[in-house]
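The next block holds one structure in the form of structure tokens; read it before the comments.
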Amino acid sequence: MMRSEILRAGERVRTADAEHCVVSVASYNDRQRNPGGLSMMETRRLCGALGAEVSGVDLSKPLSNTTARDIVGAFHEHLVLVFRGQSLDPAAQLAFTRLFGEPSEHPLRTRANVDGYPEVLVIETRPGRMGARNDYWHSDISHQECPPSASILHSLAVPDGLGDTMFCNMYRAAETLSTGMQRLLDGMEAVHSGEATMRRAEQEEGTDALRIDSVPPPATHPVLRTHPGTGRRALFVNPHFTVSFEGMTQEESAPLLDYLAEHSTRPENVYRHRWAVGDVVIWDNRATMHYAIRDYDDTIHRKHHRTTASGERPV
Ligand code: SIN
């Protein structure tokens with residue numbers, strides 16, 4: 001840091017390395033008052049669309065209020081946060097999840113959970129047994145009345161250079177539509193259903209997908225939703241769970257849903273995460289979609305623990 005004065009709220013500073021910048025003035029000021037003290041957190045933007053790598057934080061330890069506030073601030077700004085080199089047991093992952101909302105169990109119980117931790121799902125491919133597919137763009141469990149605000153993956157085993165996960169920015173997707181299209185979508189609602197997840201689980205016998213016997217009724221959500229933490233509007237439809245626009249047939253809805261999916265996932269709107277063991281990646285389901293690339297077979301070992309934080313009814 002080149003500066004030594006206390007900053008005012010909202011001001012930003014840069015380190016000598018131009019790519020790194022302090023997340024919030026709070027942590028910078030803490031450091032000025034108390035060098036080596038409360039928060040050493042820094043962020044580095046990962047690409048133009050979304051995503052930041054956060055350093056200087058050990059998520060297995062209790063977080064100071066300042067660091068917790070900085071993490072939430074960075075989450076709202078960047079939508080996907082990557083913490084490298086972490087080692088979280090299930091209890092510590094749940095404690096971190098609570099920063100974003102109460103941890104929730106998967107309503108369809110799609111995967112096995114860690115023994116004694118129903119909110120921690122195990123997502124795993126290991127030699128001789130493929131994991132279930134997640135290679136479709138989606139926002140987690142959007143067919144719930146109150147879909148999760150955030151999801152967190154902690155990587156425990158990673159195949160070298162395989163099994164990346166992609167994320168796209170749904171604020172930008174909304175903002176880069178023409179004003180005519182934004183006007184058309186404003187006030188429209190879409191129907192989200194868990195049926196596709198149930199059908200996939202049936203087709204995926206022998207993977208880590210668990211059989212799903214029934215799904216709750218579909219939920220209807222605004223096509224443009226307002227994020228409660230930022231006040232920004234995000235496009236909230238996804239190719240996996242969104243089946244139609246409210247009041248329209250699936251056939252009538254499909255061309256526009258297809259267009260919106262294609263528009264949202266253009267390369268310039270995507271961050272592709274290459275996993276390393278120890279990564280903790282959190283994403284905002286209210287303003288992103290994600291896609292797990294399946295470029296591996298059952299000769300590899302890929303394992304993550306996944307938690308989700310409860311969210312609110314989209315408005
Ligand atoms: C998920 O879609 O929740 C899992 C993503 C992944 O396995 O990379």
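In the structure tokens, chains take letters A, B, ... by order of appearance, with residues numbered from 1 within each chain and ligands from 1 in the order shown.
Within stretch 71-150 of chain A, the backbone-based DSSP assignment of strand (DSSP E or B) covers Val80, Leu81, Val82, Phe83, Pro103, Ser104, Asn113, Val114, Tyr117, Pro118, Glu119, Val120, Leu121, Val122, Ile123, Glu124, Thr125, Arg126, Arg129, His138 and Ala150 of chain A.
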Mind writing the picked residues with N, CA and C atoms as a short mmCIF file (atom, residue, chain, number, x, y, z; two decimals), in the first residue's frame?
data_model
loop_
_atom_site.label_atom_id
_atom_site.label_comp_id
_atom_site.auth_asym_id
_atom_site.auth_seq_id
_atom_site.Cartn_x
_atom_site.Cartn_y
_atom_site.Cartn_z
N VAL A 80 -19.10 -14.12 -8.05
CA VAL A 80 -18.41 -15.40 -7.83
C VAL A 80 -17.11 -15.07 -7.11
N LEU A 81 -16.89 -15.72 -5.96
CA LEU A 81 -15.63 -15.50 -5.24
C LEU A 81 -14.88 -16.83 -5.15
N VAL A 82 -13.57 -16.75 -5.36
CA VAL A 82 -12.71 -17.94 -5.33
C VAL A 82 -11.71 -17.76 -4.19
N PHE A 83 -11.71 -18.69 -3.26
CA PHE A 83 -10.74 -18.71 -2.16
C PHE A 83 -9.86 -19.93 -2.38
N PRO A 103 -28.10 -22.52 6.02
CA PRO A 103 -27.86 -23.66 5.12
C PRO A 103 -29.14 -24.47 4.94
N SER A 104 -29.37 -24.92 3.70
CA SER A 104 -30.60 -25.68 3.44
C SER A 104 -30.25 -27.04 2.83
N ASN A 113 -25.40 -37.15 1.15
CA ASN A 113 -24.81 -36.07 1.95
C ASN A 113 -23.70 -36.65 2.82
N VAL A 114 -22.91 -35.77 3.40
CA VAL A 114 -21.88 -36.21 4.34
C VAL A 114 -22.59 -36.72 5.59
N TYR A 117 -24.42 -34.62 8.29
CA TYR A 117 -24.55 -33.23 7.79
C TYR A 117 -25.50 -33.23 6.58
N PRO A 118 -26.81 -33.25 6.81
CA PRO A 118 -27.75 -33.34 5.68
C PRO A 118 -27.65 -32.16 4.71
N GLU A 119 -27.08 -31.04 5.16
CA GLU A 119 -26.99 -29.87 4.27
C GLU A 119 -25.73 -29.89 3.42
N VAL A 120 -24.85 -30.91 3.61
CA VAL A 120 -23.60 -30.93 2.83
C VAL A 120 -23.68 -32.08 1.82
N LEU A 121 -23.86 -31.73 0.54
CA LEU A 121 -23.97 -32.74 -0.52
C LEU A 121 -22.58 -33.14 -1.00
N VAL A 122 -22.46 -34.41 -1.37
CA VAL A 122 -21.20 -34.89 -1.94
C VAL A 122 -21.40 -35.02 -3.46
N ILE A 123 -20.60 -34.31 -4.22
CA ILE A 123 -20.65 -34.38 -5.68
C ILE A 123 -19.37 -35.06 -6.13
N GLU A 124 -19.50 -36.26 -6.67
CA GLU A 124 -18.27 -37.04 -6.86
C GLU A 124 -18.32 -37.96 -8.08
N THR A 125 -17.23 -37.95 -8.85
CA THR A 125 -16.93 -39.00 -9.83
C THR A 125 -15.66 -39.69 -9.35
N ARG A 126 -15.68 -41.01 -9.30
CA ARG A 126 -14.46 -41.71 -8.91
C ARG A 126 -14.28 -42.92 -9.83
N ARG A 129 -17.14 -45.08 -11.30
CA ARG A 129 -18.48 -44.55 -11.01
C ARG A 129 -18.55 -43.06 -11.36
N HIS A 138 -27.66 -23.42 -15.37
CA HIS A 138 -28.77 -23.32 -14.42
C HIS A 138 -28.41 -22.42 -13.26
N ALA A 150 -27.16 -18.45 -2.37
CA ALA A 150 -25.77 -18.72 -2.75
C ALA A 150 -25.50 -20.21 -2.67
#
key: DSSP helix (DSSP H, G or I) residues within stretch 2-186 of chain A, listed as a PyMOL selection string   = chain A and resi 25-33+65-78+90-97+170-175+179-185
inquiry  = Set the distance at 6 Å and use only C-alpha atoms: which residues neighbour stretch 184-199 of chain A once local chain neighbours fewer than 5 positions away are removed? I'd like the list as a ChimeraX atom specification.
reply    = /A:143,212,215,218-223,241-246
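Among all protein and nucleic acid residues, the ones that lie within 7 Å of ligand 1 when counting only C-alpha atoms and all ligand atoms are A:Ile123, A:Asn134, A:Asp140, A:Gly163, A:Asp164, A:Thr165, A:His290, A:Tyr291, A:Ala292, A:Arg306.
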key: Residue neighbourhood stretch 85-97 of chain A, 6 Å, only C-alpha atoms, exclusion window fewer than 6 positions, as an MDAnalysis selection string   = chainID A and resid 60 278:279 309
query = Which residue, A:Asn285, A:Asn238, A:Gln144, A:Thr299, has the smallest gap to A:Leu108 when you use only C-alpha atoms?
reply = A:Gln144
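The residue that comes closest to A:Leu50, out of A:Glu102, A:Glu204, A:Asp284, A:Asp213 and on the basis of only C-alpha atoms, is A:Asp284.
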Counting only C-alpha atoms, the option among A:Thr179, A:Asn169, A:Thr308, A:Ser253 closest to A:Ala49 = A:Asn169
Using only C-alpha atoms, determine which residues lie at most 9 Å from A:Leu153, disregarding the query and same-chain residues fewer than 5 positions distant; provide the list as an mmCIF file with C-alpha atoms, in the first residue's frame.
data_model
loop_
_atom_site.group_PDB
_atom_site.id
_atom_site.type_symbol
_atom_site.label_atom_id
_atom_site.label_comp_id
_atom_site.auth_asym_id
_atom_site.auth_seq_id
_atom_site.Cartn_x
_atom_site.Cartn_y
_atom_site.Cartn_z
ATOM 1 C CA ASP A 279 -10.652 -24.165 -3.642
ATOM 2 C CA VAL A 280 -13.792 -22.752 -2.094
ATOM 3 C CA VAL A 281 -15.990 -21.115 -4.719
ATOM 4 C CA ILE A 282 -19.188 -19.288 -3.839
ATOM 5 C CA TRP A 283 -21.667 -17.989 -6.404
ATOM 6 C CA HIS A 304 -16.663 -31.520 -4.019
ATOM 7 C CA HIS A 305 -18.745 -30.770 -0.966
ATOM 8 C CA ARG A 306 -21.651 -28.485 -1.815
ATOM 9 C CA THR A 307 -23.706 -26.308 0.508
ATOM 10 C CA THR A 308 -26.472 -23.831 -0.275
#
Atom pair atom CA of A:Ala287 / atom CA of A:Tyr171: separation (Å) = 6.0 Å
Counting only C-alpha atoms, which residues of stretch 114-222 of chain A sit at most 9 Å from some atom of stretch 258-265 of chain A, and what is each one's closest atom pair with its distance in Å to one decimal, listed by chain and rising residue number, as JSON lines?
{"residue": "A:Trp137", "atom": "CA", "partner": "A:Ala261", "partner_atom": "CA", "distance": 8.1}
{"residue": "A:Phe167", "atom": "CA", "partner": "A:Thr265", "partner_atom": "CA", "distance": 8.4}
{"residue": "A:Cys168", "atom": "CA", "partner": "A:Thr265", "partner_atom": "CA", "distance": 6.1}
{"residue": "A:Asn169", "atom": "CA", "partner": "A:Ser264", "partner_atom": "CA", "distance": 7.3}
{"residue": "A:Met170", "atom": "CA", "partner": "A:Ser264", "partner_atom": "CA", "distance": 6.6}
{"residue": "A:Arg172", "atom": "CA", "partner": "A:Ser264", "partner_atom": "CA", "distance": 7.9}
{"residue": "A:Ala173", "atom": "CA", "partner": "A:Ser264", "partner_atom": "CA", "distance": 4.9}
{"residue": "A:Ala174", "atom": "CA", "partner": "A:Ser264", "partner_atom": "CA", "distance": 8.1}
{"residue": "A:Thr176", "atom": "CA", "partner": "A:His263", "partner_atom": "CA", "distance": 8.8}
{"residue": "A:Leu177", "atom": "CA", "partner": "A:His263", "partner_atom": "CA", "distance": 8.2}
Same residues, C-alpha atoms, saved as a short mmCIF file (atom, residue, chain, number, x, y, z; two decimals), in the first residue's frame:
data_model
loop_
_atom_site.label_atom_id
_atom_site.label_comp_id
_atom_site.auth_asym_id
_atom_site.auth_seq_id
_atom_site.Cartn_x
_atom_site.Cartn_y
_atom_site.Cartn_z
CA TRP A 137 -26.70 -23.84 -17.54
CA PHE A 167 -20.36 -19.03 -14.54
CA CYS A 168 -22.19 -16.22 -16.33
CA ASN A 169 -23.34 -12.80 -15.14
CA MET A 170 -27.12 -12.36 -15.29
CA ARG A 172 -25.03 -8.09 -17.60
CA ALA A 173 -27.33 -10.43 -19.48
CA ALA A 174 -30.27 -8.19 -18.51
CA THR A 176 -27.16 -5.85 -22.54
CA LEU A 177 -30.60 -6.67 -23.91
#
key: Pick from A:Asp160, A:His106, A:Pro217, A:Arg294 nearest to A:Glu145, counting only C-alpha atoms   = A:Pro217
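Put simply, atom CA of A:Asp295 is 20.2 Å away from atom CA of A:Pro239.
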ask   = Can you tell me how far atom CA of A:His154 sits from atom CA of A:Val277, in Å to one decimal?
value = 8.2 Å
